[in-house]
Amino acid sequence: MIESDIIPNTFAELLREIRKKRPLIHHITNTVSINDCANITLSIGAAPVMAEASEEVEEMVAMADALVLNIGTLSRPQVESMLDAGRKSNALGIPVILDPVGAGATRMRTDSAKLLLDRLKISVLKGNAGEISVLAGEKGKVRGVDSHGVSGDTISIAKEFARKAGVIVAMTGATDIVSDGTHVLLIDNGHEMMGRLSGTGCMAASLTGAFVAVSSDYLISTAAALAAFGIAGERGAAITHGPYSFRTALMDEISALCPDDLIQRSRVRSV
Amino acid sequence: MIESDIIPNTFAELLREIRKKRPLIHHITNTVSINDCANITLSIGAAPVMAEASEEVEEMVAMADALVLNIGTLSRPQVESMLDAGRKSNALGIPVILDPVGAGATRMRTDSAKLLLDRLKISVLKGNAGEISVLAGEKGKVRGVDSHGVSGDTISIAKEFARKAGVIVAMTGATDIVSDGTHVLLIDNGHEMMGRLSGTGCMAASLTGAFVAVSSDYLISTAAALAAFGIAGERGAAITHGPYSFRTALMDEISALCPDDLIQRSRVRSV
Amino acid sequence: MIESDIIPNTFAELLREIRKKRPLIHHITNTVSINDCANITLSIGAAPVMAEASEEVEEMVAMADALVLNIGTLSRPQVESMLDAGRKSNALGIPVILDPVGAGATRMRTDSAKLLLDRLKISVLKGNAGEISVLAGEKGKVRGVDSHGVSGDTISIAKEFARKAGVIVAMTGATDIVSDGTHVLLIDNGHEMMGRLSGTGCMAASLTGAFVAVSSDYLISTAAALAAFGIAGERGAAITHGPYSFRTALMDEISALCPDDLIQRSRVRSV
């Protein structure tokens, strides 16, 4: 079990590193939230790049510090580019984050997410309970892309699948669950407004990219990303009137986040 | 002629239904306003999903409560996916909304809109006067995708084309015209700021999807969507300084809209 | 050397022309900032259209007053459409703006930008120092798509490449450099917040499209676009808390910009 008292200090250190190193985060992502992802990456202090043409993905990812793959509006050629970029990342030791948006909703999404997990060394698999459960072979009913319906013990699903698949599992929800198969961290930061805005799941994956880019401890850095996002969400929600004033506040708060905020406000438990 | 006094009460009932049932609205749409469409769908209380790969559109739409087709940045493969998703919707009795963005501007847009109208049972055709006039075979001059230039009597064009094509026609403008070929409803809600923001037409189609998803009376539910959008626009415009603060306010107001607002503020006439 | 005292009066005149003529700006652009580009085009008073299907680009561009090509998320078919639209523009005398996003980052981007410069008559090439330097054959190191690392004298690189390539070069940065190969204008407007928001470079290209659409003097009209954008950025930054409240303010300020603001606030030097 991890000593959870010192974790927020590590989170703060990682944020400092992002701002110092300005890691380049290569995205192959959906057309719905691609702008949100670019902006949240910039806001936390990293640099985004979006590129998916088969002719350039390997060259682009070779310059990157992390690769984020998101199947929210997937196509067959896009999945091929994800495989190309992912293989190159694996060869170079660049961490790969997979966001299996809508896994369980259609066979194509489920199969593509499984293919990416099978053929690539994924560092972090970030999804909601429904998506992760489907990939873990647990009975879950996913409706559209934002369902939270899931059966079974979510913590044990996350932990077992992390162990079995050899990835960090980040299962987002009211409480986020992050596990490497041995340890489990729970993050209680966040606000229900985040569920009323499109693309927050995708933004969380981008932030995860920024944090894992500056640390070899992907368990802690993934938890740091989710805590940072949750804290910004809490602050943003306090000053907003609806989903779009919340979006503005959320992005401003990500940009304003200080290492000290992570020390003071992270609510992380090791279980 | 419809008793217009009681219409706002029906509008209010439909909004309650959306918030209760949270219908899933499948979009095949353009890359310009895809994020706006996802967010407005969420804001009114429905759930958006965007998917257009030929391998998954039929499976995705089978879970949906309405399908929105928008040709704003069309391609040949995308039109094929629209046909596949549309045929599946028709087979399952799921309503289909068509937004023929830029019909009249290029042959491809005009022909694609006509093809979709011809091959699919479209429930609601929502466009501006220029677009509808071109599809109705009336002389209209469309410039780019946001023209309002049109000749002839717009009400009779809308009504006649609704009757001939067997669809609900929603012709948006300063006064929105909704007709099933027999009845005509005019909606006077709205604000000129809505024309100074990109994507408001597309957002109106998404809202139409949410409203028709919870009612088999597509005439009334389409009118409800346009009234709801117009009321949110009026309120938003009252507190904004330009197009982007208006966008923020518009989306917040959609989210804050109560059934009672529709009763109090809808300006609908039956002619 | 141009008499720089009277330039701001010309800028003001161009803004009046945009608002009067409402030029149509055809974009073939990336999926990240496509919505921002549509909205900034509307905000300045022009009309945007986004279309890239090979079947319609020539027909669409024939109605346009300027064409903006941006390779931010390029693909081979998209570059083909750029060539088709560009050739049609050249034949019709419609100005073409090229934004070579990420030139230098991958071979595909560098080669595509060079191909477009080679095959088309480009009116304005707008990029950052890194991108322009790579295209000019100068040693520059571009990382991702927003690098500013460049060697050599940026003014002479811009001027020499403008002369050699027969284009207006607009090299954006803290001070923007605009040259036709003979004259050089420096624009000192702008704010560092513009670099903390994704897509500002693309927005600058859209504004350039709007200004060159109403003038045959592309040197002055390009400088006017960058001054207008910079002034809006300065004003927006004064009232914002972070990148997204800045985005809102920036777009509102573009919309609120008066000809008189350009006279009063443009900081342009002829060197």
# chains A, B, ... in the order shown; residues from 1 in each chain; ligands from 1
>>> interface_residues(of="chain B", to="chain C", cutoff="6 Å", atoms="only C-alpha atoms", output="number ranges by chain")
B: 32, 73, 75, 144, 198, 242-245
>>> write_last_selection(atoms="C-alpha atoms", output="PDB file, in the first residue's frame")
ATOM      1  CA  VAL B  32     -17.263  22.783 -37.868  1.00  0.00           C
ATOM      2  CA  THR B  73     -18.806  19.269 -44.558  1.00  0.00           C
ATOM      3  CA  SER B  75     -17.974  13.725 -48.389  1.00  0.00           C
ATOM      4  CA  GLY B 144     -22.122  30.017 -49.155  1.00  0.00           C
ATOM      5  CA  SER B 198     -21.428  29.896 -36.502  1.00  0.00           C
ATOM      6  CA  GLY B 242     -20.395  39.751 -28.541  1.00  0.00           C
ATOM      7  CA  PRO B 243     -20.669  36.422 -30.336  1.00  0.00           C
ATOM      8  CA  TYR B 244     -18.645  34.299 -27.914  1.00  0.00           C
ATOM      9  CA  SER B 245     -20.076  35.628 -24.668  1.00  0.00           C
TER      10      SER B 245
END
>>> residues_around(residues="segment 98-103 of chain A", least_positions_apart="2", cutoff="6 Å", atoms="only C-alpha atoms", output="list in words")
Leu69, Asn70, Ile71, Gly72, Ala105, Arg109, Thr110, Ala113, Leu125, Lys126, Gly127, Glu131 and Val145 of chain A
>>> write_last_selection(atoms="N, CA and C atoms", output="compact mmCIF listing (two decimals), in the first residue's frame")
# COMPACT_ATOMS: atom_id res chain seq x y z
N LEU A 69 -4.42 8.17 -27.63
CA LEU A 69 -5.28 7.55 -28.64
C LEU A 69 -6.72 7.55 -28.14
N ASN A 70 -7.63 8.08 -28.93
CA ASN A 70 -9.03 8.22 -28.51
C ASN A 70 -9.91 7.80 -29.68
N ILE A 71 -10.79 6.83 -29.44
CA ILE A 71 -11.57 6.27 -30.55
C ILE A 71 -12.98 6.86 -30.67
N GLY A 72 -13.16 8.08 -30.19
CA GLY A 72 -14.49 8.69 -30.15
C GLY A 72 -15.20 8.83 -31.49
N ALA A 105 -20.47 -0.01 -27.05
CA ALA A 105 -21.63 0.55 -27.77
C ALA A 105 -21.78 -0.09 -29.14
N ARG A 109 -16.17 -0.47 -32.02
CA ARG A 109 -15.46 0.22 -30.93
C ARG A 109 -14.84 -0.78 -29.96
N THR A 110 -15.61 -1.79 -29.61
CA THR A 110 -15.08 -2.80 -28.69
C THR A 110 -13.87 -3.51 -29.32
N ALA A 113 -10.76 -1.18 -29.63
CA ALA A 113 -10.10 -0.97 -28.34
C ALA A 113 -9.32 -2.23 -27.95
N LEU A 125 -4.91 2.94 -19.60
CA LEU A 125 -6.23 2.78 -20.21
C LEU A 125 -7.20 3.60 -19.37
N LYS A 126 -7.74 4.70 -19.96
CA LYS A 126 -8.62 5.57 -19.19
C LYS A 126 -10.03 5.53 -19.79
N GLY A 127 -10.98 5.09 -19.02
CA GLY A 127 -12.35 5.07 -19.53
C GLY A 127 -13.33 5.13 -18.37
N GLU A 131 -17.10 1.33 -20.10
CA GLU A 131 -16.10 0.99 -21.12
C GLU A 131 -15.06 -0.01 -20.60
N VAL A 145 -22.06 6.91 -25.50
CA VAL A 145 -20.67 6.98 -25.06
C VAL A 145 -20.48 7.53 -23.66
>>> residues_around(residues="segment 201-215 of chain C", least_positions_apart="5", cutoff="6 Å", atoms="only C-alpha atoms", output="list in words")
Cys37, Asp65, Ala66, Ser221, Thr222 and Ala225 of chain C
>>> atom_distance(atom1="atom CA of Arg235 of chain A", atom2="atom CA of His191 of chain A")
8.9 Å
>>> residues_around(residues="Lys88 of chain B", least_positions_apart="3", cutoff="8 Å", atoms="only C-alpha atoms", output="number ranges by chain")
B: 58, 61-62, 84-85, 91-92
>>> write_last_selection(atoms="N, CA and C atoms", output="CSV table (one decimal), in the first residue's frame")
chain,number,residue,atom,x,y,z
B,58,GLU,N,-25.0,1.6,-38.4
B,58,GLU,CA,-26.3,0.9,-38.2
B,58,GLU,C,-26.5,0.4,-36.8
B,61,VAL,N,-27.1,3.6,-34.5
B,61,VAL,CA,-28.4,4.2,-34.6
B,61,VAL,C,-29.5,3.3,-34.1
B,62,ALA,N,-29.3,2.0,-34.0
B,62,ALA,CA,-30.3,1.1,-33.5
B,62,ALA,C,-30.5,1.4,-32.0
B,84,ASP,N,-27.0,4.6,-45.0
B,84,ASP,CA,-27.0,3.3,-44.2
B,84,ASP,C,-27.7,3.6,-42.8
B,85,ALA,N,-27.3,4.7,-42.2
B,85,ALA,CA,-27.9,5.0,-40.8
B,85,ALA,C,-29.4,5.3,-41.0
B,91,ALA,N,-36.3,1.6,-40.8
B,91,ALA,CA,-36.7,0.3,-40.5
B,91,ALA,C,-37.2,0.1,-39.0
B,92,LEU,N,-36.5,0.9,-38.2
B,92,LEU,CA,-36.8,0.8,-36.7
B,92,LEU,C,-37.8,1.9,-36.3
>>> select_by_dssp(residues="segment 35-207 of chain C", states="strand (DSSP E or B)", output="PDB file with N, CA and C atoms, in the first residue's frame")
ATOM      1  N   ALA C  47     -18.047  36.189 -44.325  1.00  0.00           N
ATOM      2  CA  ALA C  47     -18.845  34.962 -44.265  1.00  0.00           C
ATOM      3  C   ALA C  47     -17.933  33.764 -44.512  1.00  0.00           C
ATOM      4  N   PRO C  48     -17.954  32.781 -43.621  1.00  0.00           N
ATOM      5  CA  PRO C  48     -17.091  31.622 -43.809  1.00  0.00           C
ATOM      6  C   PRO C  48     -17.802  30.509 -44.561  1.00  0.00           C
ATOM      7  N   VAL C  49     -17.049  29.732 -45.313  1.00  0.00           N
ATOM      8  CA  VAL C  49     -17.569  28.449 -45.777  1.00  0.00           C
ATOM      9  C   VAL C  49     -16.419  27.453 -45.724  1.00  0.00           C
ATOM     10  N   MET C  50     -16.736  26.259 -45.240  1.00  0.00           N
ATOM     11  CA  MET C  50     -15.753  25.190 -45.127  1.00  0.00           C
ATOM     12  C   MET C  50     -16.206  24.051 -46.039  1.00  0.00           C
ATOM     13  N   ALA C  66     -11.959  34.801 -51.179  1.00  0.00           N
ATOM     14  CA  ALA C  66     -10.599  34.414 -50.803  1.00  0.00           C
ATOM     15  C   ALA C  66     -10.637  32.946 -50.414  1.00  0.00           C
ATOM     16  N   LEU C  67      -9.478  32.308 -50.515  1.00  0.00           N
ATOM     17  CA  LEU C  67      -9.344  30.888 -50.163  1.00  0.00           C
ATOM     18  C   LEU C  67      -8.242  30.763 -49.119  1.00  0.00           C
ATOM     19  N   VAL C  68      -8.550  30.108 -47.997  1.00  0.00           N
ATOM     20  CA  VAL C  68      -7.560  29.883 -46.943  1.00  0.00           C
ATOM     21  C   VAL C  68      -7.221  28.395 -46.886  1.00  0.00           C
ATOM     22  N   LEU C  69      -5.961  28.080 -47.080  1.00  0.00           N
ATOM     23  CA  LEU C  69      -5.482  26.692 -47.019  1.00  0.00           C
ATOM     24  C   LEU C  69      -4.625  26.519 -45.765  1.00  0.00           C
ATOM     25  N   ASN C  70      -4.960  25.520 -44.965  1.00  0.00           N
ATOM     26  CA  ASN C  70      -4.267  25.318 -43.688  1.00  0.00           C
ATOM     27  C   ASN C  70      -4.009  23.827 -43.541  1.00  0.00           C
ATOM     28  N   VAL C  96      -5.231  33.577 -52.499  1.00  0.00           N
ATOM     29  CA  VAL C  96      -5.052  32.331 -51.751  1.00  0.00           C
ATOM     30  C   VAL C  96      -4.086  32.568 -50.601  1.00  0.00           C
ATOM     31  N   ILE C  97      -4.524  32.216 -49.386  1.00  0.00           N
ATOM     32  CA  ILE C  97      -3.673  32.341 -48.200  1.00  0.00           C
ATOM     33  C   ILE C  97      -3.247  30.941 -47.785  1.00  0.00           C
ATOM     34  N   LEU C  98      -1.963  30.745 -47.562  1.00  0.00           N
ATOM     35  CA  LEU C  98      -1.465  29.429 -47.128  1.00  0.00           C
ATOM     36  C   LEU C  98      -0.906  29.534 -45.713  1.00  0.00           C
ATOM     37  N   ASP C  99      -1.408  28.672 -44.842  1.00  0.00           N
ATOM     38  CA  ASP C  99      -0.895  28.566 -43.473  1.00  0.00           C
ATOM     39  C   ASP C  99      -0.226  27.196 -43.346  1.00  0.00           C
ATOM     40  N   ALA C 103       5.044  22.947 -40.772  1.00  0.00           N
ATOM     41  CA  ALA C 103       6.106  22.712 -41.767  1.00  0.00           C
ATOM     42  C   ALA C 103       7.420  22.594 -41.006  1.00  0.00           C
ATOM     43  N   THR C 106       7.236  17.458 -39.857  1.00  0.00           N
ATOM     44  CA  THR C 106       7.312  16.170 -40.566  1.00  0.00           C
ATOM     45  C   THR C 106       7.583  16.453 -42.040  1.00  0.00           C
ATOM     46  N   VAL C 124      -0.593  35.036 -50.010  1.00  0.00           N
ATOM     47  CA  VAL C 124       0.000  35.306 -48.704  1.00  0.00           C
ATOM     48  C   VAL C 124       0.396  33.986 -48.043  1.00  0.00           C
ATOM     49  N   LEU C 125       1.639  33.907 -47.627  1.00  0.00           N
ATOM     50  CA  LEU C 125       2.120  32.766 -46.847  1.00  0.00           C
ATOM     51  C   LEU C 125       2.247  33.238 -45.406  1.00  0.00           C
ATOM     52  N   LYS C 126       1.391  32.713 -44.510  1.00  0.00           N
ATOM     53  CA  LYS C 126       1.404  33.173 -43.132  1.00  0.00           C
ATOM     54  C   LYS C 126       1.823  32.032 -42.210  1.00  0.00           C
ATOM     55  N   GLY C 127       2.914  32.197 -41.518  1.00  0.00           N
ATOM     56  CA  GLY C 127       3.359  31.158 -40.593  1.00  0.00           C
ATOM     57  C   GLY C 127       4.205  31.752 -39.497  1.00  0.00           C
ATOM     58  N   ASN C 128       4.629  30.878 -38.558  1.00  0.00           N
ATOM     59  CA  ASN C 128       5.539  31.410 -37.538  1.00  0.00           C
ATOM     60  C   ASN C 128       6.971  31.360 -38.092  1.00  0.00           C
ATOM     61  N   ILE C 168       3.424  37.386 -50.566  1.00  0.00           N
ATOM     62  CA  ILE C 168       3.533  38.167 -49.337  1.00  0.00           C
ATOM     63  C   ILE C 168       3.864  37.184 -48.231  1.00  0.00           C
ATOM     64  N   VAL C 169       4.922  37.441 -47.486  1.00  0.00           N
ATOM     65  CA  VAL C 169       5.226  36.609 -46.320  1.00  0.00           C
ATOM     66  C   VAL C 169       4.764  37.338 -45.076  1.00  0.00           C
ATOM     67  N   ALA C 170       3.963  36.632 -44.266  1.00  0.00           N
ATOM     68  CA  ALA C 170       3.545  37.162 -42.963  1.00  0.00           C
ATOM     69  C   ALA C 170       4.101  36.224 -41.914  1.00  0.00           C
ATOM     70  N   MET C 171       5.144  36.655 -41.246  1.00  0.00           N
ATOM     71  CA  MET C 171       5.786  35.848 -40.214  1.00  0.00           C
ATOM     72  C   MET C 171       5.317  36.357 -38.858  1.00  0.00           C
ATOM     73  N   THR C 172       4.493  35.561 -38.199  1.00  0.00           N
ATOM     74  CA  THR C 172       3.870  36.017 -36.962  1.00  0.00           C
ATOM     75  C   THR C 172       4.766  35.720 -35.760  1.00  0.00           C
ATOM     76  N   ASP C 176       4.989  41.007 -35.607  1.00  0.00           N
ATOM     77  CA  ASP C 176       4.694  40.351 -36.876  1.00  0.00           C
ATOM     78  C   ASP C 176       5.460  41.057 -37.994  1.00  0.00           C
ATOM     79  N   ILE C 177       5.970  40.251 -38.912  1.00  0.00           N
ATOM     80  CA  ILE C 177       6.735  40.790 -40.037  1.00  0.00           C
ATOM     81  C   ILE C 177       5.957  40.485 -41.319  1.00  0.00           C
ATOM     82  N   VAL C 178       5.674  41.522 -42.092  1.00  0.00           N
ATOM     83  CA  VAL C 178       4.963  41.318 -43.357  1.00  0.00           C
ATOM     84  C   VAL C 178       5.799  41.932 -44.470  1.00  0.00           C
ATOM     85  N   SER C 179       6.074  41.147 -45.501  1.00  0.00           N
ATOM     86  CA  SER C 179       6.919  41.674 -46.582  1.00  0.00           C
ATOM     87  C   SER C 179       6.460  41.173 -47.946  1.00  0.00           C
ATOM     88  N   VAL C 184       8.911  46.147 -46.044  1.00  0.00           N
ATOM     89  CA  VAL C 184       8.693  45.346 -44.829  1.00  0.00           C
ATOM     90  C   VAL C 184       7.868  46.174 -43.858  1.00  0.00           C
ATOM     91  N   LEU C 185       6.787  45.594 -43.381  1.00  0.00           N
ATOM     92  CA  LEU C 185       5.986  46.234 -42.328  1.00  0.00           C
ATOM     93  C   LEU C 185       6.095  45.399 -41.061  1.00  0.00           C
ATOM     94  N   LEU C 186       6.270  46.089 -39.952  1.00  0.00           N
ATOM     95  CA  LEU C 186       6.320  45.404 -38.660  1.00  0.00           C
ATOM     96  C   LEU C 186       5.089  45.801 -37.858  1.00  0.00           C
ATOM     97  N   ILE C 187       4.414  44.820 -37.280  1.00  0.00           N
ATOM     98  CA  ILE C 187       3.225  45.105 -36.471  1.00  0.00           C
ATOM     99  C   ILE C 187       3.516  44.685 -35.036  1.00  0.00           C
TER     100      ILE C 187
END
>>> select_by_dssp(residues="segment 63-92 of chain B", states="alpha helix (DSSP H)", output="JSON, numbers by chain")
{"B": [76, 77, 78, 79, 80, 81, 82, 83, 84, 85, 86, 87, 88, 89, 90, 91, 92]}
>>> closest_residue(among="B:Lys159, B:Arg19, B:Arg196, B:Arg265", to="Gly230 of chain B", atoms="only C-alpha atoms")
B:Arg265
>>> residues_around(residues="Leu115 of chain B", least_positions_apart="2", cutoff="12 Å", atoms="only C-alpha atoms", output="PyMOL selection string")
chain B and resi 71+76+79-80+82-83+86+98+100+103+107-113+117-122+135
>>> residues_around(residues="Ile220 of chain A", least_positions_apart="4", cutoff="8 Å", atoms="only C-alpha atoms", output="PyMOL selection string")
chain A and resi 7+10-11+224
